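Enquirer: Supplied structure: upload33.pdb, PDB, C-alpha atoms, pLDDT in the B column.
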```
ATOM      1  CA  MET A   1       1.946  -0.170 -22.404  1.00 62.00           C
ATOM      2  CA  THR A   2       2.779   0.889 -18.870  1.00 84.00           C
ATOM      3  CA  ALA A   3       1.128   3.946 -17.380  1.00 94.00           C
ATOM      4  CA  GLU A   4       3.705   6.023 -15.485  1.00 96.00           C
ATOM      5  CA  LEU A   5       1.539   7.708 -12.881  1.00 97.00           C
ATOM      6  CA  VAL A   6       2.055  10.990 -11.069  1.00 96.00           C
ATOM      7  CA  ARG A   7       0.549  11.838  -7.675  1.00 97.00           C
ATOM      8  CA  GLY A   8      -3.254  11.821  -7.856  1.00 97.00           C
ATOM      9  CA  GLN A   9      -3.468  10.149 -11.260  1.00 97.00           C
ATOM     10  CA  ASN A  10      -5.453   6.936 -11.700  1.00 96.00           C
ATOM     11  CA  HIS A  11      -5.485   4.115 -14.221  1.00 97.00           C
ATOM     12  CA  PRO A  12      -7.917   1.221 -14.861  1.00 97.00           C
ATOM     13  CA  LEU A  13      -6.801  -2.252 -13.851  1.00 97.00           C
ATOM     14  CA  PRO A  14      -7.327  -4.777 -16.662  1.00 93.00           C
ATOM     15  CA  GLN A  15      -7.361  -7.753 -14.280  1.00 94.00           C
ATOM     16  CA  THR A  16      -8.006  -8.516 -10.616  1.00 95.00           C
ATOM     17  CA  ARG A  17      -5.027 -10.803  -9.912  1.00 97.00           C
ATOM     18  CA  LEU A  18      -1.975  -8.579  -9.590  1.00 97.00           C
ATOM     19  CA  GLU A  19       1.383  -8.153  -7.996  1.00 96.00           C
ATOM     20  CA  ILE A  20       2.623  -4.941  -6.408  1.00 97.00           C
ATOM     21  CA  ARG A  21       6.412  -4.603  -6.617  1.00 96.00           C
ATOM     22  CA  VAL A  22       8.178  -2.132  -4.365  1.00 96.00           C
ATOM     23  CA  SER A  23      11.794  -1.038  -4.682  1.00 95.00           C
ATOM     24  CA  ALA A  24      13.148   1.320  -2.053  1.00 93.00           C
ATOM     25  CA  GLY A  25      16.935   1.012  -1.925  1.00 89.00           C
ATOM     26  CA  HIS A  26      16.797   0.489   1.874  1.00 91.00           C
ATOM     27  CA  PRO A  27      14.817  -1.969   4.006  1.00 91.00           C
ATOM     28  CA  ILE A  28      11.207  -0.923   4.503  1.00 92.00           C
ATOM     29  CA  VAL A  29       8.085  -2.563   5.860  1.00 92.00           C
ATOM     30  CA  ALA A  30       5.360  -3.010   3.252  1.00 94.00           C
ATOM     31  CA  GLY A  31       1.737  -3.707   4.048  1.00 95.00           C
ATOM     32  CA  ALA A  32      -1.825  -3.078   3.001  1.00 96.00           C
ATOM     33  CA  THR A  33      -5.008  -1.829   4.581  1.00 96.00           C
ATOM     34  CA  LEU A  34      -8.530  -2.604   3.490  1.00 97.00           C
ATOM     35  CA  GLY A  35     -11.030   0.234   3.570  1.00 96.00           C
ATOM     36  CA  ASP A  36     -14.783   0.498   3.190  1.00 95.00           C
ATOM     37  CA  GLU A  37     -16.535   2.958   0.837  1.00 93.00           C
ATOM     38  CA  GLN A  38     -15.359   5.898   2.963  1.00 93.00           C
ATOM     39  CA  GLY A  39     -11.821   4.494   3.190  1.00 92.00           C
ATOM     40  CA  THR A  40     -12.179   3.564   6.856  1.00 94.00           C
ATOM     41  CA  VAL A  41     -10.182   0.603   8.137  1.00 95.00           C
ATOM     42  CA  ARG A  42     -12.698  -1.133  10.406  1.00 92.00           C
ATOM     43  CA  GLY A  43     -10.222  -2.970  12.637  1.00 93.00           C
ATOM     44  CA  THR A  44      -6.789  -4.548  12.923  1.00 94.00           C
ATOM     45  CA  GLU A  45      -8.089  -7.563  10.994  1.00 94.00           C
ATOM     46  CA  TRP A  46      -8.233  -5.245   7.936  1.00 95.00           C
ATOM     47  CA  VAL A  47      -4.464  -4.617   8.008  1.00 96.00           C
ATOM     48  CA  ALA A  48      -1.931  -6.968   6.370  1.00 95.00           C
ATOM     49  CA  HIS A  49       1.596  -6.532   7.744  1.00 92.00           C
ATOM     50  CA  PRO A  50       4.660  -8.709   8.433  1.00 89.00           C
ATOM     51  CA  ALA A  51       3.218 -10.170  11.672  1.00 87.00           C
ATOM     52  CA  ALA A  52      -0.171 -10.843  10.003  1.00 91.00           C
ATOM     53  CA  PRO A  53       0.773 -11.151   6.320  1.00 91.00           C
ATOM     54  CA  GLN A  54      -2.460 -12.480   4.850  1.00 93.00           C
ATOM     55  CA  LEU A  55      -5.960 -11.126   4.404  1.00 94.00           C
ATOM     56  CA  PRO A  56      -8.567 -12.380   1.934  1.00 94.00           C
ATOM     57  CA  GLY A  57      -7.062 -11.423  -1.423  1.00 95.00           C
ATOM     58  CA  ILE A  58      -3.854  -9.896   0.007  1.00 96.00           C
ATOM     59  CA  ASP A  59      -0.470 -11.445   0.841  1.00 95.00           C
ATOM     60  CA  VAL A  60       2.419  -9.222   2.014  1.00 94.00           C
ATOM     61  CA  SER A  61       6.074  -9.867   2.763  1.00 86.00           C
ATOM     62  CA  ARG A  62       6.926 -11.178   6.219  1.00 85.00           C
ATOM     63  CA  GLN A  63      10.027  -9.025   6.749  1.00 82.00           C
ATOM     64  CA  ALA A  64      11.589  -5.648   6.143  1.00 77.00           C
ATOM     65  CA  ALA A  65      13.487  -5.627   2.852  1.00 84.00           C
ATOM     66  CA  ALA A  66      14.612  -3.232   0.118  1.00 79.00           C
ATOM     67  CA  ASP A  67      12.410  -5.025  -2.449  1.00 88.00           C
ATOM     68  CA  HIS A  68       8.922  -6.370  -1.821  1.00 91.00           C
ATOM     69  CA  ARG A  69       6.211  -8.176  -3.746  1.00 92.00           C
ATOM     70  CA  LEU A  70       2.621  -8.091  -2.556  1.00 95.00           C
ATOM     71  CA  ALA A  71       0.184 -10.545  -4.109  1.00 96.00           C
ATOM     72  CA  VAL A  72      -3.290  -9.118  -4.690  1.00 97.00           C
ATOM     73  CA  ASP A  73      -6.459 -10.884  -5.811  1.00 97.00           C
ATOM     74  CA  LEU A  74      -9.136  -8.187  -5.902  1.00 97.00           C
ATOM     75  CA  GLY A  75     -11.747 -10.811  -6.753  1.00 96.00           C
ATOM     76  CA  ALA A  76     -11.133 -12.416  -3.350  1.00 97.00           C
ATOM     77  CA  VAL A  77     -11.415  -9.326  -1.133  1.00 95.00           C
ATOM     78  CA  PRO A  78     -14.677  -9.066   0.832  1.00 94.00           C
ATOM     79  CA  GLU A  79     -17.570  -7.184  -0.801  1.00 93.00           C
ATOM     80  CA  ALA A  80     -17.419  -4.555   1.974  1.00 94.00           C
ATOM     81  CA  VAL A  81     -13.909  -3.598   0.826  1.00 96.00           C
ATOM     82  CA  HIS A  82     -13.762  -0.766  -1.681  1.00 96.00           C
ATOM     83  CA  ARG A  83     -10.150   0.366  -1.171  1.00 97.00           C
ATOM     84  CA  VAL A  84      -6.828  -1.392  -0.759  1.00 97.00           C
ATOM     85  CA  ASN A  85      -4.062   0.975   0.348  1.00 97.00           C
ATOM     86  CA  VAL A  86      -0.468  -0.119  -0.158  1.00 97.00           C
ATOM     87  CA  LEU A  87       1.608   1.319   2.657  1.00 96.00           C
ATOM     88  CA  LEU A  88       5.340   1.641   3.183  1.00 96.00           C
ATOM     89  CA  ALA A  89       7.060   2.395   6.477  1.00 95.00           C
ATOM     90  CA  LEU A  90      10.629   2.706   7.628  1.00 94.00           C
ATOM     91  CA  PRO A  91      11.462   0.171  10.345  1.00 88.00           C
ATOM     92  CA  THR A  92      12.374   1.732  13.682  1.00 81.00           C
ATOM     93  CA  GLY A  93      15.475   0.937  15.699  1.00 74.00           C
ATOM     94  CA  VAL A  94      17.442  -0.828  12.942  1.00 70.00           C
ATOM     95  CA  GLY A  95      19.993   1.868  12.138  1.00 77.00           C
ATOM     96  CA  GLY A  96      18.666   2.707   8.664  1.00 81.00           C
ATOM     97  CA  PRO A  97      17.163   5.967   7.456  1.00 91.00           C
ATOM     98  CA  THR A  98      14.528   7.463   9.742  1.00 92.00           C
ATOM     99  CA  ARG A  99      12.827   9.489   7.012  1.00 95.00           C
ATOM    100  CA  PHE A 100      12.069   8.889   3.344  1.00 96.00           C
ATOM    101  CA  GLY A 101      13.768  12.168   2.386  1.00 95.00           C
ATOM    102  CA  ALA A 102      17.142  10.629   3.324  1.00 94.00           C
ATOM    103  CA  MET A 103      16.914   7.834   0.757  1.00 94.00           C
ATOM    104  CA  PRO A 104      16.197   7.352  -2.946  1.00 94.00           C
ATOM    105  CA  ALA A 105      12.553   7.798  -3.929  1.00 96.00           C
ATOM    106  CA  PRO A 106      10.608   4.518  -3.573  1.00 97.00           C
ATOM    107  CA  PHE A 107       9.288   2.994  -6.806  1.00 97.00           C
ATOM    108  CA  VAL A 108       6.053   1.003  -6.946  1.00 97.00           C
ATOM    109  CA  ALA A 109       4.815  -1.025  -9.921  1.00 97.00           C
ATOM    110  CA  VAL A 110       1.527  -2.847 -10.464  1.00 98.00           C
ATOM    111  CA  THR A 111       2.042  -5.902 -12.658  1.00 97.00           C
ATOM    112  CA  GLY A 112       0.038  -8.781 -14.003  1.00 95.00           C
ATOM    113  CA  LEU A 113       0.942 -12.269 -12.760  1.00 91.00           C
ATOM    114  CA  ASP A 114       3.074 -12.699 -15.897  1.00 93.00           C
ATOM    115  CA  GLY A 115       5.212  -9.696 -14.860  1.00 92.00           C
ATOM    116  CA  THR A 116       3.759  -7.295 -17.432  1.00 95.00           C
ATOM    117  CA  GLU A 117       3.735  -3.828 -15.890  1.00 96.00           C
ATOM    118  CA  VAL A 118       0.308  -2.148 -15.826  1.00 97.00           C
ATOM    119  CA  ALA A 119       1.189   1.040 -13.947  1.00 98.00           C
ATOM    120  CA  SER A 120       4.136   2.453 -12.027  1.00 98.00           C
ATOM    121  CA  TYR A 121       4.754   5.338  -9.666  1.00 98.00           C
ATOM    122  CA  THR A 122       7.913   6.887  -8.251  1.00 98.00           C
ATOM    123  CA  ILE A 123       7.063   8.504  -4.922  1.00 97.00           C
ATOM    124  CA  THR A 124       8.822  11.870  -4.956  1.00 95.00           C
ATOM    125  CA  ASP A 125       8.804  14.963  -2.738  1.00 94.00           C
ATOM    126  CA  LEU A 126       9.060  13.080   0.542  1.00 95.00           C
ATOM    127  CA  ASP A 127      11.102  14.633   3.354  1.00 96.00           C
ATOM    128  CA  SER A 128      10.434  14.039   7.064  1.00 97.00           C
ATOM    129  CA  GLU A 129       7.895  11.258   6.482  1.00 97.00           C
ATOM    130  CA  SER A 130       8.604   7.779   7.855  1.00 96.00           C
ATOM    131  CA  ALA A 131       5.413   6.183   6.511  1.00 97.00           C
ATOM    132  CA  VAL A 132       3.592   6.672   3.215  1.00 98.00           C
ATOM    133  CA  VAL A 133       0.448   5.466   1.450  1.00 98.00           C
ATOM    134  CA  ALA A 134       1.981   4.610  -1.917  1.00 98.00           C
ATOM    135  CA  LEU A 135      -0.995   3.416  -3.967  1.00 98.00           C
ATOM    136  CA  GLU A 136      -4.702   2.948  -3.611  1.00 98.00           C
ATOM    137  CA  LEU A 137      -6.540   0.223  -5.494  1.00 98.00           C
ATOM    138  CA  TYR A 138     -10.189   1.185  -5.475  1.00 97.00           C
ATOM    139  CA  ARG A 139     -13.521  -0.158  -6.670  1.00 95.00           C
ATOM    140  CA  ARG A 140     -15.684   2.219  -8.715  1.00 92.00           C
ATOM    141  CA  GLN A 141     -18.906   1.084 -10.428  1.00 90.00           C
ATOM    142  CA  GLY A 142     -17.848  -2.557 -10.343  1.00 88.00           C
ATOM    143  CA  ALA A 143     -14.379  -1.983 -11.838  1.00 94.00           C
ATOM    144  CA  TRP A 144     -11.016  -1.651 -10.091  1.00 97.00           C
ATOM    145  CA  LYS A 145      -8.540   1.182 -10.651  1.00 97.00           C
ATOM    146  CA  VAL A 146      -5.181   2.196  -9.216  1.00 98.00           C
ATOM    147  CA  ARG A 147      -4.402   5.705  -7.943  1.00 98.00           C
ATOM    148  CA  ALA A 148      -0.944   7.104  -7.199  1.00 98.00           C
ATOM    149  CA  VAL A 149      -1.264   8.562  -3.697  1.00 98.00           C
ATOM    150  CA  GLY A 150       2.168   9.324  -2.204  1.00 97.00           C
ATOM    151  CA  GLN A 151       0.681  10.682   1.049  1.00 97.00           C
ATOM    152  CA  GLY A 152       3.457  10.736   3.633  1.00 96.00           C
ATOM    153  CA  TYR A 153       3.221  10.892   7.415  1.00 97.00           C
ATOM    154  CA  ALA A 154       5.932  12.465   9.567  1.00 96.00           C
ATOM    155  CA  GLY A 155       4.137  10.889  12.545  1.00 95.00           C
ATOM    156  CA  GLY A 156       4.919   7.452  11.113  1.00 95.00           C
ATOM    157  CA  LEU A 157       2.840   4.345  10.870  1.00 95.00           C
ATOM    158  CA  ALA A 158       0.626   5.210  13.864  1.00 96.00           C
ATOM    159  CA  ALA A 159      -0.384   8.551  12.297  1.00 97.00           C
ATOM    160  CA  MET A 160      -1.109   6.904   8.948  1.00 96.00           C
ATOM    161  CA  LEU A 161      -3.274   4.146  10.466  1.00 97.00           C
ATOM    162  CA  HIS A 162      -5.078   6.690  12.656  1.00 96.00           C
ATOM    163  CA  ASP A 163      -5.794   8.811   9.562  1.00 96.00           C
ATOM    164  CA  GLN A 164      -7.483   5.759   8.006  1.00 96.00           C
ATOM    165  CA  GLY A 165      -9.833   5.527  10.987  1.00 95.00           C
ATOM    166  CA  LEU A 166      -8.215   2.649  12.878  1.00 94.00           C
ATOM    167  CA  PRO A 167      -8.962   3.102  16.614  1.00 89.00           C
ATOM    168  CA  GLU A 168      -6.080   0.820  17.660  1.00 92.00           C
ATOM    169  CA  ALA A 169      -3.556   2.624  15.411  1.00 95.00           C
ATOM    170  CA  ALA A 170      -0.812   3.243  17.990  1.00 95.00           C
ATOM    171  CA  ALA A 171      -0.921  -0.293  19.401  1.00 95.00           C
ATOM    172  CA  LEU A 172      -0.880  -1.905  15.957  1.00 94.00           C
ATOM    173  CA  ALA A 173       1.957   0.359  14.759  1.00 94.00           C
ATOM    174  CA  ALA A 174       4.003  -0.690  17.811  1.00 92.00           C
ATOM    175  CA  ARG A 175       3.385  -4.410  17.029  1.00 91.00           C
ATOM    176  CA  ILE A 176       4.359  -3.920  13.383  1.00 88.00           C
ATOM    177  CA  ASN A 177       7.530  -2.047  14.374  1.00 83.00           C
ATOM    178  CA  GLU A 178       8.570  -4.927  16.642  1.00 79.00           C
TER     179      GLU A 178
END
```
Would it be possible to restate this file's structure as C-alpha cells?

Expert:
Amino acid sequence: MTAELVRGQNHPLPQTRLEIRVSAGHPIVAGATLGDEQGTVRGTEWVAHPAAPQLPGIDVSRQAAADHRLAVDLGAVPEAVHRVNVLLALPTGVGGPTRFGAMPAPFVAVTGLDGTEVASYTITDLDSESAVVALELYRRQGAWKVRAVGQGYAGGLAAMLHDQGLPEAAALAARINE
C-alpha cells in the first residue's frame, strides 16, 4: 500500500534500491544532493545534476524534462552520507514558467525497481519558488526513510544549494542552468 505523504511526514523504506519518479507538467531539472549527518553538502562532487548525472548510488536524468526518473541505490552511497535530497528546479532562459506557482503542483513518487509505489508526495503551496527540495531520503539508526520536504526557494537553485552548506553554490547553479 502506498503512503501518500504530506509535508513533513516520513515513511520507512522497505528496500535500498529505488526509483524516484517526478512528474511536473513542464520541463524541470531534477537532481540530488548528498548530505552528511548535519545535512551539509561537502562539495560539488556531492551533487548529481544533468552535467554530472552520477554519484555513488545515484543516477539522475541528463536533461530538463516534464517527467524524470532517478535511480537510487542507498546501499551504494558512501558511509559518510546520511541524507539524499531530491531537488527540482525550473530551467532558466527557456521560455517556460519561472516559478512553481505558475504550473501544476509537481508529483514525486518513490517506487521499488518493479514499479510498486512505496510513497508519494504532491508538492503544494508553492508560489514564487523556482527551486524546491522535494524529498529527503535519510539514514536513521541503520535504516532508511523518506520524508516529504517541499521546501521552496524563491532565490532559485543557488539559494537552495547555499542553504545546504555548499560554498560553491552560485557557481554550480550557473553550470547546472547552462

Enquirer: Here is a test: counting all atoms listed in the file, which residue of A:Arg147, A:His82, A:Arg175, A:His162 is nearest to Ala52 in chain A?

Expert: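 Result for the nearest residue to Ala52 in chain A: A:Arg175.
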
Enquirer: For a quick check of your reading of the model, name the residues lying within 8 Å of the coordinate (0.4, -0.6, -16.4), counting only C-alpha atoms, and write them as a ChimeraX atom specification.

Expert: /A:1-4,11,13,109-111,116-120

Enquirer: For Leu74 in chain A, work out the shell of residues within 9 Å, counting only C-alpha atoms and skipping chain neighbours fewer than 4 positions away, then give it as a compact mmCIF listing (two decimals) with C-alpha atoms, keeping the file's coordinate frame.

Expert:
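Below you can see part28.txt, which holds the result:
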```
# COMPACT_ATOMS: atom_id res chain seq x y z
CA GLN A 15 -7.36 -7.75 -14.28
CA THR A 16 -8.01 -8.52 -10.62
CA ARG A 17 -5.03 -10.80 -9.91
CA LEU A 18 -1.98 -8.58 -9.59
CA PRO A 56 -8.57 -12.38 1.93
CA GLY A 57 -7.06 -11.42 -1.42
CA ILE A 58 -3.85 -9.90 0.01
CA PRO A 78 -14.68 -9.07 0.83
CA VAL A 84 -6.83 -1.39 -0.76
CA LEU A 137 -6.54 0.22 -5.49
CA TRP A 144 -11.02 -1.65 -10.09
```

Enquirer: Evaluating the PyMOL selection byres ((chain A and resi 155) around 9) on the displayed file yields which residues, as a list of chain:residue names?

Expert: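 In the shown coordinates, the PyMOL selection byres ((chain A and resi 155) around 9) covers A:Ser128, A:Glu129, A:Ser130, A:Ala131, A:Gly152, A:Tyr153, A:Ala154, A:Gly156, A:Leu157, A:Ala158, A:Ala159, A:Met160.
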
Enquirer: Translate the PyMOL selection byres ((chain A and resi 66-72) around 7), as applied to the file shown, into an explicit residue set as a list in words.

Expert: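 Applied to this file, the PyMOL selection byres ((chain A and resi 66-72) around 7) returns Arg17, Leu18, Glu19, Ile20, Arg21, Val22, Ser23, Ala24, Gly25, His26, Pro27, Ile28, Gly57, Ile58, Asp59, Val60, Ser61, Ala65, Asp73 and Leu74 of chain A.
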
Enquirer: Got a sec to check which residues sit within 10 Å of (-1.9, -4.6, 5.1), counting only C-alpha atoms, and write them as a ChimeraX atom specification?

Expert: /A:30-34,44-50,52-55,58-61,70,84-88

Enquirer: Quote the spacing between CA of Pro12 in chain A and CA of Val29 in chain A in Å to one decimal place.

Expert: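 That distance, rounded to one decimal, is 26.5 Å.
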
Enquirer: A:Leu126, A:Leu161, A:Ala102, A:Leu172: which is nearest Ala51 in chain A, counting all atoms listed in the file?

Expert: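 Looking only at the distances to Ala51 in chain A, the closest residue turns out to be A:Leu172.
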
Enquirer: Given the PyMOL selection byres ((chain A and resi 91) around 9) and the file above, list the residues it selects as a PyMOL selection string.

Expert: chain A and resi 27-29+64+89-90+92-98+130+176-178

Enquirer: Rank nothing, just name the residue among A:Phe107, A:Arg62, A:Arg139, A:Val132 nearest to Ala80 in chain A, using all atoms listed in the file.

Expert: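 Among the listed residues, the smallest separation from Ala80 in chain A belongs to A:Arg139.
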
Enquirer: Would you mind telling me which residue in A:Ala148, A:Leu166, A:Ile123, A:Val81 lies nearest to Leu5 in chain A when using only C-alpha atoms?

Expert: A:Ala148

Enquirer: Nearest residue to Pro106 in chain A out of A:Gln63, A:Gly150, A:Ala76, A:Ala173, using all atoms listed in the file?

Expert: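 Residue with the minimum atom-to-atom distance to Pro106 in chain A: A:Gly150.
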
Enquirer: Work out how far apart CA of Ala169 in chain A and CA of Thr40 in chain A are and give it in Å to one decimal.

Expert: 12.2 Å

Enquirer: For range 66-140 of chain A, write C-alpha atoms out as a PDB file, in the first residue's frame.

Expert:
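Result file follows (selection-v8.pdb):
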```pdb
ATOM      1  CA  ALA A  66       8.455  17.141 -17.657  1.00  0.00           C
ATOM      2  CA  ASP A  67       8.945  13.582 -16.333  1.00  0.00           C
ATOM      3  CA  HIS A  68      12.075  12.254 -14.656  1.00  0.00           C
ATOM      4  CA  ARG A  69      13.294   9.013 -13.131  1.00  0.00           C
ATOM      5  CA  LEU A  70      16.182   8.999 -10.689  1.00  0.00           C
ATOM      6  CA  ALA A  71      17.781   5.663  -9.858  1.00  0.00           C
ATOM      7  CA  VAL A  72      18.824   5.311  -6.221  1.00  0.00           C
ATOM      8  CA  ASP A  73      20.822   2.548  -4.549  1.00  0.00           C
ATOM      9  CA  LEU A  74      21.113   3.581  -0.903  1.00  0.00           C
ATOM     10  CA  GLY A  75      23.351   0.586  -0.235  1.00  0.00           C
ATOM     11  CA  ALA A  76      25.942   2.093  -2.591  1.00  0.00           C
ATOM     12  CA  VAL A  77      26.110   5.627  -1.169  1.00  0.00           C
ATOM     13  CA  PRO A  78      29.224   6.362   0.913  1.00  0.00           C
ATOM     14  CA  GLU A  79      29.023   5.711   4.670  1.00  0.00           C
ATOM     15  CA  ALA A  80      29.509   9.446   5.338  1.00  0.00           C
ATOM     16  CA  VAL A  81      26.210  10.156   3.558  1.00  0.00           C
ATOM     17  CA  HIS A  82      23.172  10.286   5.813  1.00  0.00           C
ATOM     18  CA  ARG A  83      20.807  12.311   3.601  1.00  0.00           C
ATOM     19  CA  VAL A  84      19.899  12.287  -0.070  1.00  0.00           C
ATOM     20  CA  ASN A  85      17.854  15.333  -1.078  1.00  0.00           C
ATOM     21  CA  VAL A  86      15.878  15.167  -4.309  1.00  0.00           C
ATOM     22  CA  LEU A  87      15.790  18.635  -5.815  1.00  0.00           C
ATOM     23  CA  LEU A  88      13.741  20.166  -8.601  1.00  0.00           C
ATOM     24  CA  ALA A  89      14.496  23.433 -10.374  1.00  0.00           C
ATOM     25  CA  LEU A  90      12.956  25.358 -13.216  1.00  0.00           C
ATOM     26  CA  PRO A  91      15.404  25.822 -16.097  1.00  0.00           C
ATOM     27  CA  THR A  92      16.297  29.445 -16.793  1.00  0.00           C
ATOM     28  CA  GLY A  93      16.116  31.136 -20.173  1.00  0.00           C
ATOM     29  CA  VAL A  94      13.967  28.521 -21.941  1.00  0.00           C
ATOM     30  CA  GLY A  95      10.655  30.376 -22.062  1.00  0.00           C
ATOM     31  CA  GLY A  96       8.804  28.134 -19.598  1.00  0.00           C
ATOM     32  CA  PRO A  97       7.402  29.046 -16.200  1.00  0.00           C
ATOM     33  CA  THR A  98       9.771  30.980 -13.953  1.00  0.00           C
ATOM     34  CA  ARG A  99       8.074  29.951 -10.711  1.00  0.00           C
ATOM     35  CA  PHE A 100       6.425  26.767  -9.473  1.00  0.00           C
ATOM     36  CA  GLY A 101       3.254  28.683  -8.561  1.00  0.00           C
ATOM     37  CA  ALA A 102       2.556  29.188 -12.288  1.00  0.00           C
ATOM     38  CA  MET A 103       2.328  25.471 -13.051  1.00  0.00           C
ATOM     39  CA  PRO A 104       0.578  22.351 -11.765  1.00  0.00           C
ATOM     40  CA  ALA A 105       1.919  21.023  -8.466  1.00  0.00           C
ATOM     41  CA  PRO A 106       4.847  18.619  -9.025  1.00  0.00           C
ATOM     42  CA  PHE A 107       4.250  14.991  -8.027  1.00  0.00           C
ATOM     43  CA  VAL A 108       7.030  12.758  -6.709  1.00  0.00           C
ATOM     44  CA  ALA A 109       6.786   9.001  -6.142  1.00  0.00           C
ATOM     45  CA  VAL A 110       9.257   6.581  -4.573  1.00  0.00           C
ATOM     46  CA  THR A 111       8.947   3.145  -6.157  1.00  0.00           C
ATOM     47  CA  GLY A 112      10.618  -0.214  -5.963  1.00  0.00           C
ATOM     48  CA  LEU A 113      12.509  -1.404  -9.051  1.00  0.00           C
ATOM     49  CA  ASP A 114       9.392  -3.366 -10.052  1.00  0.00           C
ATOM     50  CA  GLY A 115       7.383  -0.110 -10.189  1.00  0.00           C
ATOM     51  CA  THR A 116       5.464  -0.717  -6.957  1.00  0.00           C
ATOM     52  CA  GLU A 117       4.863   2.654  -5.321  1.00  0.00           C
ATOM     53  CA  VAL A 118       6.179   2.937  -1.750  1.00  0.00           C
ATOM     54  CA  ALA A 119       5.384   6.592  -1.057  1.00  0.00           C
ATOM     55  CA  SER A 120       4.204   9.630  -2.992  1.00  0.00           C
ATOM     56  CA  TYR A 121       4.021  13.360  -2.413  1.00  0.00           C
ATOM     57  CA  THR A 122       2.321  16.185  -4.286  1.00  0.00           C
ATOM     58  CA  ILE A 123       4.240  19.392  -3.611  1.00  0.00           C
ATOM     59  CA  THR A 124       1.593  22.033  -2.950  1.00  0.00           C
ATOM     60  CA  ASP A 125       1.603  25.637  -1.727  1.00  0.00           C
ATOM     61  CA  LEU A 126       4.458  26.782  -3.941  1.00  0.00           C
ATOM     62  CA  ASP A 127       4.334  30.315  -5.353  1.00  0.00           C
ATOM     63  CA  SER A 128       7.424  32.380  -6.226  1.00  0.00           C
ATOM     64  CA  GLU A 129       9.866  29.490  -5.779  1.00  0.00           C
ATOM     65  CA  SER A 130      11.955  28.349  -8.751  1.00  0.00           C
ATOM     66  CA  ALA A 131      13.741  25.535  -6.899  1.00  0.00           C
ATOM     67  CA  VAL A 132      12.465  23.062  -4.317  1.00  0.00           C
ATOM     68  CA  VAL A 133      13.769  20.219  -2.154  1.00  0.00           C
ATOM     69  CA  ALA A 134      11.060  17.661  -2.888  1.00  0.00           C
ATOM     70  CA  LEU A 135      12.071  14.667  -0.768  1.00  0.00           C
ATOM     71  CA  GLU A 136      14.747  13.668   1.669  1.00  0.00           C
ATOM     72  CA  LEU A 137      15.898  10.073   1.977  1.00  0.00           C
ATOM     73  CA  TYR A 138      17.652   9.794   5.307  1.00  0.00           C
ATOM     74  CA  ARG A 139      19.502   7.216   7.372  1.00  0.00           C
ATOM     75  CA  ARG A 140      18.364   6.786  10.982  1.00  0.00           C
TER      76      ARG A 140
END
```
